[in-house]
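Enquirer: Below is the structure I would like to discuss, written out as structure tokens.
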Amino acid sequence: MDGQLTEPSAVVQKFENSLPYTVNVDFCIEGAIKALAPPKDLTISQWAAENRILTGEASSEKGKWTNERTPYLVEIMDMLSPQSPCSDVAFMKGSQIGGTECLINTALYYMLQNPCPIGLYQMTDDEAANFERMRLAPTFAAMGMDKYFTNDTAGCKEYPGGIFFVGSGGSASQLRSKPLQVVLCDEISGWVKDCNGEGDPCDLVKRRTTNFPRKKRFWNSTPTVRGECRITKKFEQGDQRYYNVPCPHCGELYVWKFANMVWDKDADGNNLPYTARMKCPHCKGETMEWRKTELLAQGQWVPTNPNGAYPSYHLSAFYSPLGWYSWEEAVTDFLEAKGDPQKMKVWTNNVCGEAWDEDNQESHDYSELELRREDYGCDVPDGAVILTAGVDTQDDRLEVEIVGWGRGLESWSIDYRIIPGDPDLDIVWESLDHILGNAYTKADGTPLYVAAALVDSGGHKTSAVYKYCAKREWRRIYASIGARGPNRPVISRPGSTKKSSAENAKLITVGTDTVKDWFFNVLGYNHPGPGYCHFPEKDVYDAEHFKQLTAEVKKKRMSRGFLTSVYEKIYERNEPLDCRVYARAALNLVGIDVDKMAETGNSYTRNPARRIVPQKGRVINQGVKL
Ligand SMILES: [Zn+2]
């Protein structure tokens with residue numbers, strides 16, 4: 001016996017104190033330990049595998065419990081076992097993954113195997129009563145526990161060595177009951193903020209356990225709204241474990257999440273949720289759902305916050321065992337919820353098992369973008385028919401992105417370049433000239449040139465930008481400035497400011513919010529077609545690039561008494577986003593119908609840098625002199 005199970009030292013101490021005159025103390029102690037020790041040193045998962053019976057009425061399955069069905073619950077249950085030294089365990093979860101059974105297994109274990117005072121708390125009194133009637137009563141019956149309770153009333157059951165309370169986080173009197181060694185708190189994110197004026201109900205529950213050195217507190221919940229979501233906070237305070245599953249192609253471990261999910265569309269562009277697969281972020285190999293059982297068994301929990309105070313777990317509904325909640329259903333539910341914030345909140349909470357961010361509705365998962373990089377096999381894929389560029393100006397460098405555009409503003413990132421150096425130096429602009437004047441070829445060898453470019457003139461290098469652009473407006477390279485606010489046009493007519501007129505440059509104002517609204521919308525499109533953003537498999541398009549590309553989110557702010565939406569940085573650097581916004585705005589300078597051009601199968605091959613030198617006095621048409 002490993003001595004951790006029943007605190008034999010405490011038992012021994014008590015025994016010794018009460019028997020000061022006994023001659024054969026050893027014998028008595030041995031007897032006492034034998035009587036008080038549980039029959040086997042089982043953890044909760046081992047105990048459940050041997051003893052737990054599921055009833056069809058109370059759970060989705062019937063018969064003997066098997067850990068093979070939900071292997072991810074094994075470690076969580078074992079952390080809740082007396083063999084584990086931790087006091088708190090947090091479980092942030094999506095629906096249909098067996099979280100409630102984990103709670104019931106723990107309650108049964110501490111009633112039957114390791115008796116002590118236990119409390120199980122639901123969100124409201126009604127839910128507690130329902131839980132007792134619908135889930136616990138049939139379970140007790142199936143387990144043959146009817147005779148086990150010496151006192152059996154609603155909300156309170158006594159048994160040899162302990163007592164079991166069922167209550168709710170909404171009733172302070174229930175939370176103030178007797179001291180408890182084990183508290184199992186369900187759906188804590190839905191619990192009231194303040195319980196009958198006595199404070200946070202979770203704190204009240206916590207206080208019940210303070211006298212027990214071997215206390216266990218299980219915080220279990222689907223999340224709600226970020227900021228006020230209890231389980232998110234409990235998860236973040238813990239060591240943040242995610243269930244990593246090996247990729248059957250490369251063997252690398254990764255987390256099953258929506259960002260890694262792909263599915264097909266039919267020829268008409270209709271989504272086909274039944275084709276849902278997980279895509280490995282390491283080798284891009286895809287996993288079909290039928291392999292779930294085998295892969296779940298090989299999974300392991302990986303902590304991501306080593307300084308966490310206790311074990312905390314996150315599991316989405318994508319891990320739901322075969323036959324419970326499928327990937328197809330997850331995609332179908334997503335497509336139904338898309339565009340409706342209320343439905344998306346429910347989907348995010350229940351399927352992703354993540355808190356809904358009311359503020360950051362526009363935020364994107366940049367790791368998903370890195371995953372969609374593709375090998376073009378040439379500079380410019382066939383779908384792109386025209387190139388534009390956006391240039392961001394910093395004090396010590398220029399950053400430029402070349403973007404190809406196709407039907408329905410489907411876009412292909414062609415190249416992203418960082419030109420180091422102070423923009424007050426000519427050499428920096430010479431490098432830019434080279435990049436903007438370059439030919440970018442299609443698979444068949446057709447060269448395309450940058451048809452238009454906008455150069456950011458905000459910041460400290462305004463004069464240098466004006467100087468450069470003034471001499472290049474004939475090839476559609478213009479100085480530009482971003483203007484915030486709703487309903488602005490993508491670009492304004494080229495105009496002059498006092499400063500730009502000194503350099504004889506025209507300034508184009510870009511409606512940045514208008515472009516960002518469009519961009520962040522299409523960036524969320526998952527499948528090639530109108531609007532979809534393609535990225536090449538180039539080193540410069542790394543995780544950092546996508547982090548910066550998605551560095552801003554729209555937030556609601558009060559301005560002059562009105563609620564308005566503004567873009568705010570959530571990451572320090574955002575140059576790729578600015579470049580992309582200017583590249584999109586530059587397309588409006590060209591004045592061609594991209595859709596029409598794409599339909600004809602042609603591309604915009606003119607090189608605006610090649611000046612058509614007019615031959616003086618040559619008459620090519622009667623009456624028109626060039
Ligand atoms: Zn792989």
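Every chain in the structure tokens takes a letter, A first, then B, and so on in the order presented; its residues are numbered from 1, and the ligands are numbered from 1 following the presented order.
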Give me, as CSV, the closest atom pair and its distance (Å, one decimal) for every residue of chain A within a cut-off of 8 Å of ligand 1, counting only C-alpha atoms and all ligand atoms, rows sorted by chain and rising number.

Expert:
residue,atom,partner,partner_atom_place_in_ligand_line,distance
A:Pro246,CA,ligand 1,1 (Zn),7.7
A:Cys247,CA,ligand 1,1 (Zn),4.6
A:Pro248,CA,ligand 1,1 (Zn),6.6
A:His249,CA,ligand 1,1 (Zn),4.9
A:Cys250,CA,ligand 1,1 (Zn),4.0
A:Gly251,CA,ligand 1,1 (Zn),6.0
A:Glu252,CA,ligand 1,1 (Zn),5.7
A:Leu253,CA,ligand 1,1 (Zn),7.9
A:Lys279,CA,ligand 1,1 (Zn),7.7
A:Cys280,CA,ligand 1,1 (Zn),4.6
A:Pro281,CA,ligand 1,1 (Zn),6.7
A:His282,CA,ligand 1,1 (Zn),5.0
A:Cys283,CA,ligand 1,1 (Zn),4.0
A:Lys284,CA,ligand 1,1 (Zn),5.8
A:Gly285,CA,ligand 1,1 (Zn),5.1
A:Glu286,CA,ligand 1,1 (Zn),7.6

Enquirer: Can I get the selected residues back with N, CA and C atoms, as a compact mmCIF listing (two decimals), in the first residue's frame?

Expert:
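Wrote selection.txt, looks like this:
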# COMPACT_ATOMS: atom_id res chain seq x y z
N PRO A 246 -2.00 12.22 -32.01
CA PRO A 246 -0.98 12.09 -33.07
C PRO A 246 -1.59 12.12 -34.47
N CYS A 247 -0.84 12.71 -35.39
CA CYS A 247 -1.24 12.72 -36.80
C CYS A 247 -0.91 11.34 -37.36
N PRO A 248 -1.87 10.66 -38.02
CA PRO A 248 -1.57 9.32 -38.55
C PRO A 248 -0.56 9.36 -39.69
N HIS A 249 -0.31 10.53 -40.26
CA HIS A 249 0.64 10.62 -41.39
C HIS A 249 2.07 10.85 -40.93
N CYS A 250 2.27 11.85 -40.03
CA CYS A 250 3.64 12.19 -39.63
C CYS A 250 3.92 11.86 -38.17
N GLY A 251 2.90 11.50 -37.41
CA GLY A 251 3.12 11.11 -36.02
C GLY A 251 3.22 12.27 -35.05
N GLU A 252 3.27 13.51 -35.56
CA GLU A 252 3.37 14.68 -34.68
C GLU A 252 2.04 14.85 -33.94
N LEU A 253 2.15 15.40 -32.72
CA LEU A 253 0.94 15.63 -31.94
C LEU A 253 0.34 16.99 -32.28
N LYS A 279 -6.90 18.70 -40.34
CA LYS A 279 -5.68 18.84 -41.14
C LYS A 279 -4.50 19.07 -40.20
N CYS A 280 -3.48 18.26 -40.36
CA CYS A 280 -2.32 18.34 -39.47
C CYS A 280 -1.54 19.63 -39.76
N PRO A 281 -1.28 20.45 -38.73
CA PRO A 281 -0.53 21.69 -38.96
C PRO A 281 0.95 21.44 -39.29
N HIS A 282 1.43 20.21 -39.07
CA HIS A 282 2.84 19.93 -39.35
C HIS A 282 3.05 19.44 -40.78
N CYS A 283 2.25 18.44 -41.21
CA CYS A 283 2.49 17.85 -42.53
C CYS A 283 1.33 18.08 -43.49
N LYS A 284 0.26 18.74 -43.00
CA LYS A 284 -0.93 19.03 -43.81
C LYS A 284 -1.71 17.76 -44.17
N GLY A 285 -1.31 16.63 -43.60
CA GLY A 285 -2.04 15.38 -43.82
C GLY A 285 -3.41 15.46 -43.17
N GLU A 286 -4.40 14.83 -43.78
CA GLU A 286 -5.76 14.94 -43.27
C GLU A 286 -6.22 13.65 -42.58

Enquirer: List the spatial neighbours of range 118-123 of chain A as JSON, numbers by chain - criterion: any atom at most 10 Å away, only C-alpha atoms, same-chain residues fewer than 4 positions off excluded.

Expert: {"A": [103, 104, 106, 107, 108, 110, 111, 127, 128, 129, 130, 131, 132, 155, 156, 157, 162, 163, 164, 165, 166, 167, 168, 169, 170, 171, 174, 175, 177, 178, 179, 180, 181, 182, 183, 184, 185, 186, 187, 188, 189, 190, 191, 192, 202, 205, 208, 209, 215, 216, 217, 218]}

Enquirer: Quote the spacing between CA of Cys352 in chain A and CA of Ala317 in chain A in Å to one decimal place.

Expert: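 These two atoms are separated by 6.2 Å.
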
Enquirer: Per residue of range 249-338 of chain A within 6 Å of range 72-92 of chain A, record the nearest atom pair and its distance in Å to one decimal, counting only C-alpha atoms, with rows in chain order and ascending residue number, as CSV.

Expert:
residue,atom,partner,partner_atom,distance
A:Pro311,CA,A:Val89,CA,5.5
A:Ser312,CA,A:Ala90,CA,4.5
A:Tyr313,CA,A:Phe91,CA,4.8
A:His314,CA,A:Met92,CA,4.8

Enquirer: Have a look at CA of Ala453 in chain A and CA of Asp422 in chain A and let me know their distance in Å, one decimal.

Expert: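 It comes out at 20.1 Å.
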
Enquirer: Enter the distance from CA of Val540 in chain A to CA of Glu399 in chain A, in Å, rounded to one decimal.

Expert: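 Distance reported for this atom pair: 11.6 Å.
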
Enquirer: Point out the residue among A:Asp41, A:Lys64, A:Ala470, A:Arg557 with the least atom-to-atom distance to Ser501 in chain A, counting only C-alpha atoms.

Expert: A:Ala470

Enquirer: Just asking: which residues within range 144-263 of chain A are alpha helix (DSSP H) according to DSSP, as an NGL selection string?

Expert: :A and (172-175 or 201-208 or 230-237)

Enquirer: Name the residues in contact with Ala141 in chain A at a cut-off of 10 Å, using only C-alpha atoms, excluding same-chain residues fewer than 6 positions from it; report them as a list of chain:residue names.

Expert: A:Ile53, A:Thr55, A:Lys147

Enquirer: Near Val566 in chain A, counting only C-alpha atoms, which residues have an atom at most 8 Å away, once you skip same-chain residues fewer than 2 positions from it, shown as a list in words?

Expert: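 Listing them by chain and then by number gives Gly485, Asp513, Lys554, Lys555, Lys556, Arg557, Thr564 and Glu568 of chain A.
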
Enquirer: If we count only C-alpha atoms, what is near Asn196 in chain A at a cut-off of 10 Å, once residues fewer than 2 positions away on the same chain are taken out, given as a PyMOL selection string?

Expert: chain A and resi 170-173+192-194+198-201

Enquirer: If we count only C-alpha atoms, what is near Arg52 in chain A at a cut-off of 8 Å, once residues fewer than 3 positions away on the same chain are taken out, given as a CSV table (one decimal) with N, CA and C atoms, in the first residue's frame?

Expert:
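Final output, out-v8.csv:
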chain,number,residue,atom,x,y,z
A,47,TRP,N,-11.5,2.5,-10.8
A,47,TRP,CA,-12.7,2.1,-10.1
A,47,TRP,C,-13.9,2.1,-11.0
A,48,ALA,N,-14.0,3.1,-11.9
A,48,ALA,CA,-15.1,3.2,-12.8
A,48,ALA,C,-15.1,2.0,-13.8
A,49,ALA,N,-13.9,1.7,-14.3
A,49,ALA,CA,-13.8,0.6,-15.2
A,49,ALA,C,-14.3,-0.7,-14.6
A,64,LYS,N,-21.6,-1.4,-18.9
A,64,LYS,CA,-20.4,-1.1,-18.1
A,64,LYS,C,-19.6,0.1,-18.7
A,65,TRP,N,-19.1,0.9,-17.8
A,65,TRP,CA,-18.3,2.0,-18.2
A,65,TRP,C,-17.0,1.5,-18.7
A,105,ASN,N,-18.9,9.8,-11.8
A,105,ASN,CA,-17.9,8.8,-11.4
A,105,ASN,C,-17.2,9.2,-10.1
A,143,MET,N,-26.6,0.9,-9.9
A,143,MET,CA,-25.5,0.5,-9.1
A,143,MET,C,-25.9,-0.4,-7.9

Enquirer: Please return as a ChimeraX atom specification: the residues of range 93-212 of chain A that backbone DSSP assigns to strand (DSSP E or B).

Expert: /A:93,118-122,151-153,156-159,162-168,182-186

Enquirer: Any chance you can output those residues with C-alpha atoms as a compact mmCIF listing (two decimals), in the first residue's frame?

Expert:
# COMPACT_ATOMS: atom_id res chain seq x y z
CA LYS A 93 -15.26 21.83 -22.10
CA ILE A 118 -19.27 15.34 -0.61
CA GLY A 119 -21.18 18.22 -2.18
CA LEU A 120 -22.39 18.35 -5.77
CA TYR A 121 -23.59 21.74 -6.96
CA GLN A 122 -25.56 22.68 -10.04
CA ASN A 151 -30.75 8.37 5.36
CA ASP A 152 -32.07 9.28 1.94
CA THR A 153 -33.85 12.60 1.36
CA CYS A 156 -29.01 14.85 1.17
CA LYS A 157 -27.93 11.24 1.45
CA GLU A 158 -26.08 9.65 4.36
CA TYR A 159 -23.96 6.54 4.11
CA GLY A 162 -19.97 10.26 4.83
CA ILE A 163 -22.78 12.37 3.54
CA PHE A 164 -23.68 13.52 0.03
CA PHE A 165 -25.32 16.90 -0.61
CA VAL A 166 -26.83 18.03 -3.88
CA GLY A 167 -27.42 21.75 -4.06
CA SER A 168 -27.03 24.79 -6.25
CA VAL A 182 -15.00 16.87 -1.99
CA VAL A 183 -16.98 19.50 -3.89
CA LEU A 184 -18.09 18.91 -7.47
CA CYS A 185 -19.22 22.15 -9.10
CA ASP A 186 -21.04 21.86 -12.42

Enquirer: Need to verify the contact set: Glu329 in chain A, 9 Å, only C-alpha atoms, exclusion of same-chain residues closer than 5 positions in sequence. Can you return it as a PyMOL selection string?

Expert: chain A and resi 273-274+334

Enquirer: Take the residues from that selection and put them in a file with N, CA and C atoms, as a PDB file, in the first residue's frame.

Expert:
ATOM      1  N   PRO A 273     -20.651  19.462 -45.425  1.00  0.00           N
ATOM      2  CA  PRO A 273     -20.159  19.204 -44.056  1.00  0.00           C
ATOM      3  C   PRO A 273     -19.754  17.753 -43.812  1.00  0.00           C
ATOM      4  N   TYR A 274     -20.347  16.811 -44.550  1.00  0.00           N
ATOM      5  CA  TYR A 274     -19.998  15.410 -44.289  1.00  0.00           C
ATOM      6  C   TYR A 274     -18.565  15.072 -44.700  1.00  0.00           C
ATOM      7  N   PHE A 334     -21.939  25.208 -37.436  1.00  0.00           N
ATOM      8  CA  PHE A 334     -21.159  26.426 -37.686  1.00  0.00           C
ATOM      9  C   PHE A 334     -21.760  27.211 -38.849  1.00  0.00           C
TER      10      PHE A 334
END

Enquirer: Can you work out which one of A:Phe149, A:Tyr449, A:Tyr366, A:Trp290 has the shortest atom-to-atom distance to Arg606 in chain A, counting only C-alpha atoms?

Expert: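 Smallest distance to Arg606 in chain A is found for A:Tyr449.
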